[in-house]
$ cat query.cif   # mmCIF, C-alpha atoms
data_work
#
loop_
_atom_site.label_atom_id
_atom_site.label_comp_id
_atom_site.auth_asym_id
_atom_site.auth_seq_id
_atom_site.Cartn_x
_atom_site.Cartn_y
_atom_site.Cartn_z
CA MET O 1 -9.77 5.86 -35.90
CA PRO O 2 -6.09 6.45 -35.08
CA SER O 3 -5.04 5.58 -31.56
CA VAL O 4 -4.15 8.18 -28.94
CA GLU O 5 -0.57 6.95 -29.07
CA SER O 6 -0.18 7.45 -32.80
CA ILE O 7 -1.75 10.93 -32.67
CA LEU O 8 0.59 11.92 -29.83
CA CYS O 9 3.60 10.58 -31.68
CA GLY O 10 2.54 12.58 -34.74
CA LEU O 11 2.17 15.76 -32.69
CA ALA O 12 5.57 15.10 -31.11
CA SER O 13 7.31 14.82 -34.46
CA ASP O 14 5.55 18.03 -35.60
CA ARG O 15 6.85 19.75 -32.44
CA ALA O 16 3.29 20.92 -31.81
CA THR O 17 2.12 23.14 -28.97
CA GLY O 18 -1.45 22.89 -27.73
CA ALA O 19 -3.97 20.62 -26.04
CA LEU O 20 -5.10 17.20 -27.19
CA ARG O 21 -8.58 16.67 -25.79
CA LEU O 22 -9.99 13.15 -25.47
CA GLY O 23 -13.58 14.22 -24.95
CA ARG O 24 -14.53 13.96 -21.32
CA SER O 25 -11.78 11.45 -20.60
CA GLY O 26 -9.04 14.03 -20.22
CA THR O 27 -6.43 16.18 -21.93
CA PHE O 28 -2.76 16.11 -22.88
CA TYR O 29 -0.94 19.46 -23.02
CA LEU O 30 2.05 19.67 -25.32
CA THR O 31 4.81 22.24 -25.59
CA GLU O 32 6.90 22.00 -28.74
CA GLY O 33 6.24 18.33 -29.17
CA ARG O 34 6.76 17.32 -25.57
CA VAL O 35 4.07 16.62 -23.01
CA THR O 36 4.11 19.19 -20.24
CA TYR O 37 0.87 18.32 -18.50
CA ALA O 38 -1.96 15.79 -18.59
CA GLU O 39 -5.13 15.39 -16.62
CA THR O 40 -8.08 13.04 -16.39
CA PRO O 41 -11.06 12.83 -14.05
CA ALA O 42 -9.79 9.38 -13.02
CA CYS O 43 -6.81 10.90 -11.18
CA PRO O 44 -6.26 13.70 -8.69
CA ARG O 45 -5.06 16.80 -10.56
CA VAL O 46 -2.17 19.01 -9.50
CA GLU O 47 -4.64 21.41 -7.88
CA GLU O 48 -6.00 18.58 -5.73
CA LEU O 49 -2.56 17.20 -4.87
CA LEU O 50 -1.36 20.67 -3.86
CA THR O 51 -4.33 21.46 -1.65
CA SER O 52 -4.80 18.01 -0.11
CA SER O 53 -1.16 18.07 1.01
CA GLY O 54 -2.20 20.97 3.23
CA ARG O 55 0.64 23.15 2.00
CA ILE O 56 -1.45 25.48 -0.10
CA SER O 57 -5.00 26.72 0.27
CA ALA O 58 -7.49 26.20 -2.52
CA TYR O 59 -7.78 29.99 -2.61
CA ALA O 60 -4.07 30.47 -3.34
CA VAL O 61 -4.25 27.90 -6.14
CA ARG O 62 -7.33 29.63 -7.62
CA GLN O 63 -5.58 33.00 -7.48
CA ALA O 64 -2.49 31.67 -9.21
CA ARG O 65 -4.71 30.05 -11.81
CA GLN O 66 -6.65 33.22 -12.57
CA ALA O 67 -3.54 35.38 -12.76
CA ALA O 68 -1.72 32.91 -15.03
CA GLY O 69 -0.70 33.97 -18.52
CA GLU O 70 2.07 33.70 -21.09
CA GLU O 71 4.27 36.22 -19.27
CA CYS O 72 4.05 34.45 -15.90
CA TRP O 73 2.65 30.94 -15.55
CA GLY O 74 0.64 29.86 -12.51
CA GLY O 75 3.31 27.41 -11.42
CA ASP O 76 6.04 30.05 -11.44
CA ARG O 77 3.75 32.38 -9.53
CA LEU O 78 3.25 29.76 -6.79
CA VAL O 79 7.02 29.26 -6.53
CA GLN O 80 7.67 33.02 -6.45
CA ARG O 81 5.21 33.45 -3.62
CA GLY O 82 7.27 30.94 -1.66
CA VAL O 83 4.43 28.53 -0.90
CA LEU O 84 6.48 25.66 -2.32
CA THR O 85 9.91 25.11 -3.81
CA ARG O 86 10.62 24.64 -7.49
CA GLY O 87 11.56 21.04 -6.72
CA GLU O 88 8.28 20.33 -4.98
CA LEU O 89 6.25 21.78 -7.81
CA GLU O 90 8.22 19.65 -10.26
CA PHE O 91 7.62 16.53 -8.13
CA CYS O 92 3.96 17.30 -7.96
CA VAL O 93 3.62 17.81 -11.73
CA LEU O 94 5.77 14.75 -12.38
CA GLY O 95 3.57 12.55 -10.24
CA ALA O 96 0.31 13.93 -11.60
CA VAL O 97 1.33 13.65 -15.27
CA LEU O 98 2.68 10.10 -15.04
CA ASP O 99 -0.48 9.15 -13.19
CA ALA O 100 -2.88 10.74 -15.68
CA VAL O 101 -1.00 9.48 -18.74
CA PHE O 102 -1.28 5.89 -17.54
CA PHE O 103 -5.06 6.15 -17.55
CA LEU O 104 -5.29 8.30 -20.69
CA PHE O 105 -3.45 5.69 -22.78
CA GLN O 106 -6.20 3.22 -21.90
CA VAL O 107 -8.98 5.53 -23.09
CA SER O 108 -10.79 4.37 -26.15
CA GLY O 109 -13.90 5.48 -27.94
CA SER O 110 -13.57 9.23 -27.56
CA ARG O 111 -12.57 11.23 -30.61
CA PRO O 112 -9.32 13.08 -29.91
CA ARG O 113 -9.28 16.75 -30.94
CA PHE O 114 -6.19 18.89 -31.01
CA ARG O 115 -6.47 22.58 -30.16
CA PRO O 116 -3.29 24.41 -31.15
CA GLU O 117 -1.84 26.94 -28.73
CA GLU O 118 -4.13 25.98 -25.87
CA ARG O 119 -2.05 25.90 -22.69
CA HIS O 120 -2.45 24.77 -19.12
CA TRP O 121 -2.36 27.47 -16.44
CA LEU O 122 0.58 25.88 -14.60
CA GLY O 123 2.84 26.37 -17.58
CA PRO O 124 5.56 23.90 -18.52
CA GLN O 125 7.23 22.61 -15.35
CA TRP O 126 8.64 19.35 -16.65
CA TYR O 127 9.02 18.00 -20.19
CA PHE O 128 8.17 14.39 -21.04
CA ASP O 129 9.05 12.64 -24.27
CA VAL O 130 6.05 10.80 -25.72
CA THR O 131 8.11 7.63 -26.21
CA GLY O 132 9.26 7.78 -22.59
CA LEU O 133 5.66 8.14 -21.41
CA LEU O 134 4.56 5.17 -23.51
CA ARG O 135 7.39 3.07 -22.13
CA GLU O 136 6.57 4.07 -18.56
CA SER O 137 2.87 3.32 -19.00
CA LYS O 138 3.69 -0.11 -20.38
CA ARG O 139 5.95 -0.78 -17.42
CA ARG O 140 3.29 0.33 -14.98
CA ARG O 141 0.71 -1.93 -16.59
CA ALA O 142 3.10 -4.87 -16.32
CA GLN O 143 3.77 -4.04 -12.68
CA LEU O 144 0.05 -3.92 -11.94
CA ASP O 145 -0.51 -7.32 -13.55
CA GLN O 146 2.46 -8.75 -11.72
CA ALA O 147 1.03 -7.67 -8.38
CA TRP O 148 -2.39 -9.20 -9.00
CA PRO O 149 -3.38 -10.11 -12.53
CA SER O 150 -7.11 -9.48 -12.26
CA PRO O 151 -8.71 -6.08 -12.87
CA GLU O 152 -11.92 -7.11 -11.10
CA LEU O 153 -11.18 -5.01 -7.98
CA ASP O 154 -10.07 -1.90 -9.87
CA ALA O 155 -13.47 -0.21 -9.93
CA LEU O 156 -15.11 -1.82 -6.90
CA PRO O 157 -15.29 -0.38 -3.38
CA VAL O 158 -12.27 -1.36 -1.31
CA VAL O 159 -13.42 -3.62 1.53
CA PRO O 160 -10.75 -4.94 3.92
CA ILE O 161 -11.62 -8.33 5.39
CA GLY O 162 -12.30 -8.42 9.13
CA ARG O 163 -9.94 -11.23 9.99
CA ILE O 164 -6.90 -12.10 7.95
CA PRO O 165 -5.71 -15.62 7.23
CA ALA O 166 -2.29 -14.87 8.72
CA GLN O 167 -0.69 -14.03 12.06
CA ARG O 168 1.33 -11.08 10.81
CA VAL O 169 1.36 -8.71 7.85
CA LEU O 170 3.91 -6.32 6.44
CA LEU O 171 2.46 -3.14 4.91
CA THR O 172 3.89 -0.22 2.98
CA SER O 173 2.92 3.26 4.12
CA LEU O 174 0.52 3.65 1.20
CA GLN O 175 -1.12 0.28 1.86
CA TRP O 176 -1.67 1.45 5.41
CA GLU O 177 -3.30 4.67 4.18
CA VAL O 178 -5.54 2.70 1.85
CA LEU O 179 -6.70 0.38 4.64
CA VAL O 180 -7.30 3.25 7.04
CA GLY O 181 -9.09 5.27 4.37
CA ALA O 182 -11.25 2.39 3.12
CA ASP O 183 -14.86 2.93 4.17
CA CYS O 184 -16.35 0.03 2.18
CA THR O 185 -17.90 2.45 -0.35
CA ALA O 186 -14.86 4.23 -1.82
CA THR O 187 -13.33 2.75 -4.98
CA PRO O 188 -9.56 2.99 -5.53
CA ALA O 189 -10.10 6.19 -7.57
CA ASP O 190 -12.20 7.72 -4.76
CA LEU O 191 -9.53 6.78 -2.24
CA ALA O 192 -6.81 8.37 -4.34
CA ARG O 193 -8.68 11.66 -4.34
CA LYS O 194 -9.47 11.38 -0.62
CA LEU O 195 -5.87 10.60 0.31
CA GLY O 196 -4.35 13.01 -2.21
CA ARG O 197 -2.27 10.20 -3.67
CA PRO O 198 -1.74 9.23 -7.31
CA ALA O 199 -4.51 6.97 -8.59
CA TYR O 200 -2.01 4.50 -10.04
CA SER O 201 -0.16 4.10 -6.73
CA VAL O 202 -3.43 3.51 -4.89
CA LEU O 203 -4.53 1.02 -7.53
CA LEU O 204 -1.24 -0.83 -7.19
CA ALA O 205 -1.57 -0.85 -3.40
CA VAL O 206 -5.10 -2.22 -3.71
CA ARG O 207 -3.95 -5.02 -6.01
CA GLN O 208 -1.06 -5.84 -3.67
CA LEU O 209 -3.46 -5.96 -0.71
CA ALA O 210 -5.78 -8.20 -2.72
CA ALA O 211 -2.89 -10.50 -3.59
CA ALA O 212 -2.03 -10.71 0.11
CA GLY O 213 -5.62 -11.80 0.78
CA LEU O 214 -6.47 -8.73 2.85
CA LEU O 215 -9.38 -7.49 0.74
CA ARG O 216 -12.84 -8.84 0.08
CA THR O 217 -13.07 -9.98 -3.53
CA PRO O 218 -16.13 -10.86 -5.60
CA GLU O 219 -14.85 -14.42 -5.31
CA HIS O 220 -15.27 -14.13 -1.55
CA ASP O 221 -18.88 -13.14 -2.02
CA ARG O 222 -19.42 -16.00 -4.45
CA GLU O 223 -17.95 -18.33 -1.88
CA SER O 224 -19.92 -16.89 0.98
CA ALA O 225 -23.16 -17.20 -0.99
CA PRO O 226 -22.83 -20.99 -0.85
CA ALA O 227 -21.04 -20.19 2.39
CA THR O 228 -24.19 -21.43 4.11
CA PRO O 229 -22.47 -24.81 4.07
CA PRO O 230 -19.29 -23.27 5.50
CA ALA O 231 -21.56 -21.34 7.83
CA ALA O 232 -23.27 -24.56 8.88
CA PRO O 233 -20.02 -26.33 9.83
CA ARG O 234 -19.25 -23.29 11.93
CA PRO O 235 -22.20 -23.96 14.24
CA ALA O 236 -20.92 -27.54 14.12
CA PRO O 237 -17.66 -26.49 15.82
CA ALA O 238 -20.03 -24.76 18.20
CA THR O 239 -21.58 -28.15 18.88
CA PRO O 240 -18.40 -29.55 20.45
CA PRO O 241 -19.82 -28.03 23.61
CA ALA O 242 -22.78 -30.21 22.65
CA ALA O 243 -20.55 -33.17 21.95
CA PRO O 244 -19.03 -33.14 25.45
CA ARG O 245 -22.58 -32.91 26.69
CA PRO O 246 -23.45 -36.47 25.65
CA ALA O 247 -20.01 -37.53 26.81
CA PRO O 248 -20.46 -36.67 30.48
CA SER O 249 -23.79 -38.43 30.58
CA PRO O 250 -22.26 -41.79 29.69
CA ALA O 251 -19.39 -40.80 31.90
CA LEU O 252 -21.70 -40.28 34.85
CA PRO O 253 -23.17 -43.74 34.81
CA ALA O 254 -19.71 -45.07 34.04
CA ARG O 255 -18.34 -43.47 37.15
CA ARG O 256 -21.12 -44.75 39.29
CA PRO O 257 -20.44 -48.39 38.45
CA ASP O 258 -16.82 -47.57 39.15
CA ASP O 259 -17.65 -46.10 42.50
CA VAL O 260 -20.18 -48.73 43.32
CA PRO O 261 -17.89 -51.71 42.77
CA ALA O 262 -15.22 -50.00 44.78
CA PRO O 263 -17.22 -49.96 48.00
CA LEU O 264 -18.44 -53.48 47.27
CA PRO O 265 -15.10 -55.25 47.64
CA ARG O 266 -14.44 -53.05 50.64
CA ARG O 267 -17.64 -54.27 52.11
CA GLY O 268 -16.28 -57.70 51.59
CA ASP O 269 -13.34 -56.66 53.76
CA GLY O 270 -15.73 -56.64 56.68
CA THR O 271 -14.83 -54.44 59.66
CA ARG O 272 -12.20 -52.39 57.85
CA GLU O 273 -14.94 -51.19 55.56
CA LYS O 274 -16.02 -48.32 57.83
CA ILE O 275 -12.58 -46.86 58.32
CA PRO O 276 -11.64 -46.43 54.65
CA SER O 277 -15.13 -45.25 53.70
CA HIS O 278 -14.87 -42.38 56.18
CA ASP O 279 -11.18 -41.57 56.04
CA ALA O 280 -9.75 -42.49 52.66
CA GLY O 281 -12.85 -43.60 50.74
CA ALA O 282 -14.87 -40.43 51.28
CA PRO O 283 -12.28 -37.92 50.01
CA SER O 284 -11.66 -39.89 46.82
CA PRO O 285 -15.22 -39.84 45.46
CA ALA O 286 -15.52 -36.21 46.59
CA ALA O 287 -12.34 -35.30 44.73
CA GLY O 288 -13.68 -37.17 41.71
CA TRP O 289 -17.05 -35.47 41.79
CA MET O 290 -16.48 -31.88 42.78
CA PRO O 291 -14.41 -30.68 39.77
CA ARG O 292 -16.74 -32.38 37.34
CA THR O 293 -19.83 -30.56 38.44
CA THR O 294 -18.22 -27.15 38.92
CA GLY O 295 -15.65 -27.12 36.11
CA ASP O 296 -17.70 -27.84 33.04
CA PRO O 297 -20.68 -25.61 32.18
CA ALA O 298 -22.09 -28.55 30.21
CA ASP O 299 -22.48 -30.46 33.47
CA VAL O 300 -24.26 -27.54 35.08
CA SER O 301 -26.68 -27.31 32.20
CA LEU O 302 -27.15 -31.07 32.36
CA LEU O 303 -28.00 -30.81 36.05
CA ILE O 304 -30.40 -27.96 35.38
CA ARG O 305 -32.11 -30.02 32.68
CA LEU O 306 -32.23 -32.97 35.05
CA ARG O 307 -33.75 -30.82 37.79
CA ASN O 308 -36.30 -29.37 35.40
CA ALA O 309 -37.20 -32.87 34.24
CA LEU O 310 -37.64 -34.06 37.82
CA GLU O 311 -39.74 -31.02 38.68
CA ALA O 312 -41.89 -31.70 35.66
CA LEU O 313 -42.46 -35.26 36.90
CA THR O 314 -43.80 -34.22 40.27
CA MET L 1 15.12 27.69 -4.65
CA LEU L 2 16.19 24.39 -6.11
CA GLY L 3 14.69 22.42 -8.99
CA ILE L 4 15.31 18.81 -9.90
CA GLU L 5 17.89 19.58 -12.60
CA GLU L 6 19.85 21.99 -10.39
CA CYS L 7 19.73 19.46 -7.58
CA LEU L 8 21.27 16.75 -9.77
CA THR L 9 23.94 19.18 -10.96
CA GLU L 10 24.85 19.83 -7.34
CA VAL L 11 24.84 16.13 -6.52
CA MET L 12 27.35 15.66 -9.33
CA ALA L 13 29.48 18.39 -7.73
CA ILE L 14 30.01 16.18 -4.66
CA PRO L 15 33.71 15.18 -4.69
CA GLY L 16 34.08 11.75 -6.28
CA ALA L 17 30.55 11.59 -7.74
CA LEU L 18 30.49 9.41 -10.87
CA ASP L 19 26.81 9.52 -11.76
CA ALA L 20 23.44 10.31 -10.23
CA ILE L 21 19.85 9.33 -10.90
CA LEU L 22 16.56 10.60 -9.56
CA ILE L 23 14.30 7.55 -9.31
CA ASP L 24 10.53 7.33 -9.14
CA GLN L 25 10.03 4.37 -6.83
CA THR L 26 6.46 3.77 -8.00
CA SER L 27 7.68 1.80 -10.97
CA GLY L 28 11.43 2.26 -10.83
CA MET L 29 11.62 4.92 -13.52
CA ALA L 30 14.60 7.21 -14.01
CA VAL L 31 13.14 10.72 -13.76
CA ALA L 32 16.36 12.60 -14.36
CA ILE L 33 20.02 11.77 -14.64
CA GLY L 34 23.21 13.59 -13.78
CA GLY L 35 26.62 12.87 -15.26
CA GLY L 36 26.65 12.40 -19.01
CA SER L 37 28.67 9.32 -19.83
CA ARG L 38 27.12 6.28 -18.23
CA GLN L 39 28.29 2.86 -19.27
CA VAL L 40 25.12 1.20 -18.00
CA ASP L 41 21.50 1.51 -19.04
CA THR L 42 19.94 4.19 -16.84
CA GLU L 43 16.45 2.73 -17.09
CA LYS L 44 17.67 -0.66 -15.95
CA SER L 45 19.74 0.80 -13.11
CA ALA L 46 16.76 2.81 -11.88
CA ALA L 47 14.52 -0.27 -11.90
CA GLY L 48 17.18 -2.36 -10.16
CA LEU L 49 17.94 0.28 -7.53
CA SER L 50 14.31 0.80 -6.66
CA GLU L 51 13.93 -2.97 -6.34
CA ALA L 52 16.99 -3.06 -4.06
CA LEU L 53 15.48 -0.32 -1.89
CA ARG L 54 12.15 -2.13 -1.71
CA ALA L 55 13.79 -5.44 -0.76
CA THR L 56 15.91 -3.71 1.89
CA LEU L 57 12.82 -2.06 3.37
CA ASP L 58 11.05 -5.42 3.50
CA GLY L 59 14.02 -7.12 5.08
CA LEU L 60 14.62 -4.41 7.66
CA ALA L 61 10.95 -4.21 8.58
CA VAL L 62 11.08 -7.87 9.57
CA THR L 63 14.38 -7.37 11.41
CA SER L 64 13.58 -4.18 13.32
CA PRO L 65 12.22 -4.63 16.85
CA THR L 66 9.24 -2.38 16.20
CA GLY L 67 8.32 -3.94 12.86
CA THR L 68 8.40 -0.54 11.15
CA VAL L 69 11.26 0.94 9.20
CA ARG L 70 12.17 4.26 7.65
CA ILE L 71 15.35 4.40 5.62
CA ARG L 72 17.19 7.72 5.67
CA ASP L 73 20.25 6.67 3.73
CA MET L 74 21.28 3.40 2.19
CA ILE L 75 25.01 2.93 1.65
CA VAL L 76 26.41 -0.02 -0.21
CA THR L 77 30.15 -0.27 -0.85
CA THR L 78 31.21 -2.53 -3.66
CA ASP L 79 34.55 -3.17 -5.33
CA GLU L 80 33.73 -0.44 -7.82
CA GLY L 81 32.62 2.29 -5.47
CA HIS L 82 30.14 3.60 -2.93
CA HIS L 83 26.45 3.60 -3.81
CA LEU L 84 24.31 6.09 -1.92
CA LEU L 85 20.54 5.95 -2.06
CA ARG L 86 18.41 8.49 -0.27
CA PRO L 87 14.58 8.36 -0.33
CA LEU L 88 13.06 11.84 -0.62
CA GLU L 89 10.06 12.43 1.53
CA THR L 90 7.86 14.83 -0.34
CA VAL L 91 4.37 15.84 0.68
CA PHE L 92 3.40 14.82 -2.82
CA ASP L 93 3.74 11.10 -2.97
CA GLY L 94 6.36 10.22 -5.58
CA PRO L 95 7.90 8.45 -3.91
CA LEU L 96 11.29 9.50 -5.15
CA ALA L 97 14.87 8.58 -4.30
CA ILE L 98 18.22 10.13 -5.18
CA TYR L 99 21.01 7.77 -6.13
CA VAL L 100 24.65 8.69 -6.47
CA ARG L 101 27.62 6.48 -7.26
CA LEU L 102 30.93 7.59 -5.77
CA ASP L 103 34.52 6.81 -6.62
CA LEU L 104 36.07 4.48 -4.06
CA GLU L 105 39.38 6.36 -3.93
CA ARG L 106 38.41 9.98 -4.37
CA ALA L 107 35.16 10.18 -2.44
CA ASN L 108 34.68 11.02 1.21
CA LEU L 109 31.62 9.12 2.32
CA ALA L 110 30.81 11.33 5.31
CA LEU L 111 31.08 14.48 3.24
CA ALA L 112 28.92 13.00 0.50
CA LEU L 113 26.23 11.99 2.99
CA HIS L 114 26.25 15.43 4.52
CA ARG L 115 25.97 17.17 1.16
CA LEU L 116 23.17 14.89 0.05
CA GLN L 117 21.28 15.65 3.24
CA LEU L 118 21.64 19.40 2.75
CA LEU L 119 20.56 19.13 -0.88
CA SER L 120 17.43 17.15 -0.19
CA GLY L 121 16.61 19.67 2.52
CA ARG L 122 16.82 22.50 0.02
CA LEU L 123 14.80 20.58 -2.54
CA ILE L 124 11.96 20.02 -0.12
CA THR L 125 10.93 22.41 2.61
CA THR L 126 8.82 20.55 5.10
#
$ encode --input "query.cif" --output "structure tokens"
Amino acid sequence: MPSVESILCGLASDRATGALRLGRSGTFYLTEGRVTYAETPACPRVEELLTSSGRISAYAVRQARQAAGEECWGGDRLVQRGVLTRGELEFCVLGAVLDAVFFLFQVSGSRPRFRPEERHWLGPQWYFDVTGLLRESKRRRAQLDQAWPSPELDALPVVPIGRIPAQRVLLTSLQWEVLVGADCTATPADLARKLGRPAYSVLLAVRQLAAAGLLRTPEHDRESAPATPPAAPRPAPATPPAAPRPAPSPALPARRPDDVPAPLPRRGDGTREKIPSHDAGAPSPAAGWMPRTTGDPADVSLLIRLRNALEALT
Amino acid sequence: MLGIEECLTEVMAIPGALDAILIDQTSGMAVAIGGGSRQVDTEKSAAGLSEALRATLDGLAVTSPTGTVRIRDMIVTTDEGHHLLRPLETVFDGPLAIYVRLDLERANLALALHRLQLLSGRLITT
């Protein structure tokens, strides 16, 4: 079966006019050998881009579509009605065609059928050479692979990770839109339609976000499945509160011997013993004890456990 | 009512304009060109210019006190001439940018900037 590319190149050299249908995967529209429109269910169409921008109502687009014909194409009608400028319509078609063509060149398995003279309601707004489109698609594919070489996230729901392994991130405006629009169920193609942005641009943004480590990848899930070990060490950092807990308990007896020997030599001092114990001796053990019992919650819980144990004894 | 081709024709009418390109920043593709005789490869220039714009945005975003950046015009003057790059903000995400190279001697930078602003305003009505 000849490839889509070779069929298109053949139609281009024949200066053909009509529609090349790739089954359910989409359609190329040609005017005298040049591509004037292309659409695929994988990408937002011009109608969707126009209406999701908020500039034109779906009703106005439908009207222009129904009234379209050889003598006045739908696109020209929209421009004449002043809802958008010629430049804007051209931008919109330009974006939509480049987007659709990128995905259409990857289609395989559907039998292409050419229908001569079939036209798109918008009419020709911009003419693309087939060779130029092929070159552009190749460049886009290279750019996608350069951003993040794996296609594993392309068809999965976009799930931003809760906490990022960085202090600061730099985002493009589209990456921002993708993150804000991500609802953990929408795939890049769904997001493109929701945001009214080209599917390729959204895909590129998703791969860039993945490369920056901001998205959950299947690898993440594979890691978090045996992440019960990483999850177990996490309670372990939670045990440092438990680790200080044993620490004070040796510390408590340690202090007592400290405090006990201190009075002992004083006692040996004889009569002076009373004066330091009341004036200088008393504040020092108090200063040593008070912060320990009030400052650390571990000490409080230790005291509570101690009290409970003593109560249980009685 | 201005289309892309007419817009580029008018860009080339700016005094001192040597050549002009409309660039799709998505992949750095030259969408349309103005000014017939270019010595350099248009495709390569478009890719390089869009890369320059991207790098500048990245650099300025880090430098700016708010951490966000929106370039209105980028002007680079080299030994050969002035290079003007203006991102177009369309409601339909291109994103596109107009580039024009101006003669160092003949061009008036302020006038060129002003004309480019007017043109992009007529191209897009937002």
$ atom_distance --input "query.cif" --atom1 "atom CA of Gln175 of chain O" --atom2 "atom CA of Ala210 of chain O"
10.7 Å
$ atom_distance --input "query.cif" --atom1 "atom CA of Ile7 of chain O" --atom2 "atom CA of Trp126 of chain O"
20.9 Å
$ resolve_selection --input "query.cif" --expression "the PyMOL selection byres ((chain O) within 7 of (chain L))" --output "ChimeraX atom specification"
/O:49,53,85-88,91-92,95,140,197,201
$ residues_around --input "query.cif" --residues "segment 143-151 of chain O" --least-positions-apart "6" --cutoff "9 Å" --atoms "only C-alpha atoms" --output "list in words"
Tyr200, Leu203, Leu204, Ala205, Arg207, Gln208, Leu209, Ala210 and Ala211 of chain O; Ser27 of chain L
$ resolve_selection --input "query.cif" --expression "the PyMOL selection byres ((chain L and resi 8) around 9)" --output "JSON, numbers by chain"
{"L": [3, 4, 5, 6, 7, 9, 10, 11, 12, 13, 20, 21, 22, 32, 33, 34, 35, 98]}
$ write_last_selection --input "query.cif" --atoms "C-alpha atoms" --output "PDB file, in the frame of the given file"
ATOM      1  CA  GLY L   3      14.690  22.420  -8.990  1.00  0.00           C
ATOM      2  CA  ILE L   4      15.310  18.810  -9.900  1.00  0.00           C
ATOM      3  CA  GLU L   5      17.890  19.580 -12.600  1.00  0.00           C
ATOM      4  CA  GLU L   6      19.850  21.990 -10.390  1.00  0.00           C
ATOM      5  CA  CYS L   7      19.730  19.460  -7.580  1.00  0.00           C
ATOM      6  CA  THR L   9      23.940  19.180 -10.960  1.00  0.00           C
ATOM      7  CA  GLU L  10      24.850  19.830  -7.340  1.00  0.00           C
ATOM      8  CA  VAL L  11      24.840  16.130  -6.520  1.00  0.00           C
ATOM      9  CA  MET L  12      27.350  15.660  -9.330  1.00  0.00           C
ATOM     10  CA  ALA L  13      29.480  18.390  -7.730  1.00  0.00           C
ATOM     11  CA  ALA L  20      23.440  10.310 -10.230  1.00  0.00           C
ATOM     12  CA  ILE L  21      19.850   9.330 -10.900  1.00  0.00           C
ATOM     13  CA  LEU L  22      16.560  10.600  -9.560  1.00  0.00           C
ATOM     14  CA  ALA L  32      16.360  12.600 -14.360  1.00  0.00           C
ATOM     15  CA  ILE L  33      20.020  11.770 -14.640  1.00  0.00           C
ATOM     16  CA  GLY L  34      23.210  13.590 -13.780  1.00  0.00           C
ATOM     17  CA  GLY L  35      26.620  12.870 -15.260  1.00  0.00           C
ATOM     18  CA  ILE L  98      18.220  10.130  -5.180  1.00  0.00           C
TER      19      ILE L  98
END
$ resolve_selection --input "query.cif" --expression "the PyMOL selection byres ((chain O and resi 166) around 10)" --output "PDB file with C-alpha atoms, in the coordinates of the input"
ATOM      1  CA  ARG O 163      -9.940 -11.230   9.990  1.00  0.00           C
ATOM      2  CA  ILE O 164      -6.900 -12.100   7.950  1.00  0.00           C
ATOM      3  CA  PRO O 165      -5.710 -15.620   7.230  1.00  0.00           C
ATOM      4  CA  GLN O 167      -0.690 -14.030  12.060  1.00  0.00           C
ATOM      5  CA  ARG O 168       1.330 -11.080  10.810  1.00  0.00           C
ATOM      6  CA  VAL O 169       1.360  -8.710   7.850  1.00  0.00           C
ATOM      7  CA  ALA O 212      -2.030 -10.710   0.110  1.00  0.00           C
ATOM      8  CA  GLY O 213      -5.620 -11.800   0.780  1.00  0.00           C
ATOM      9  CA  LEU O 214      -6.470  -8.730   2.850  1.00  0.00           C
TER      10      LEU O 214
END
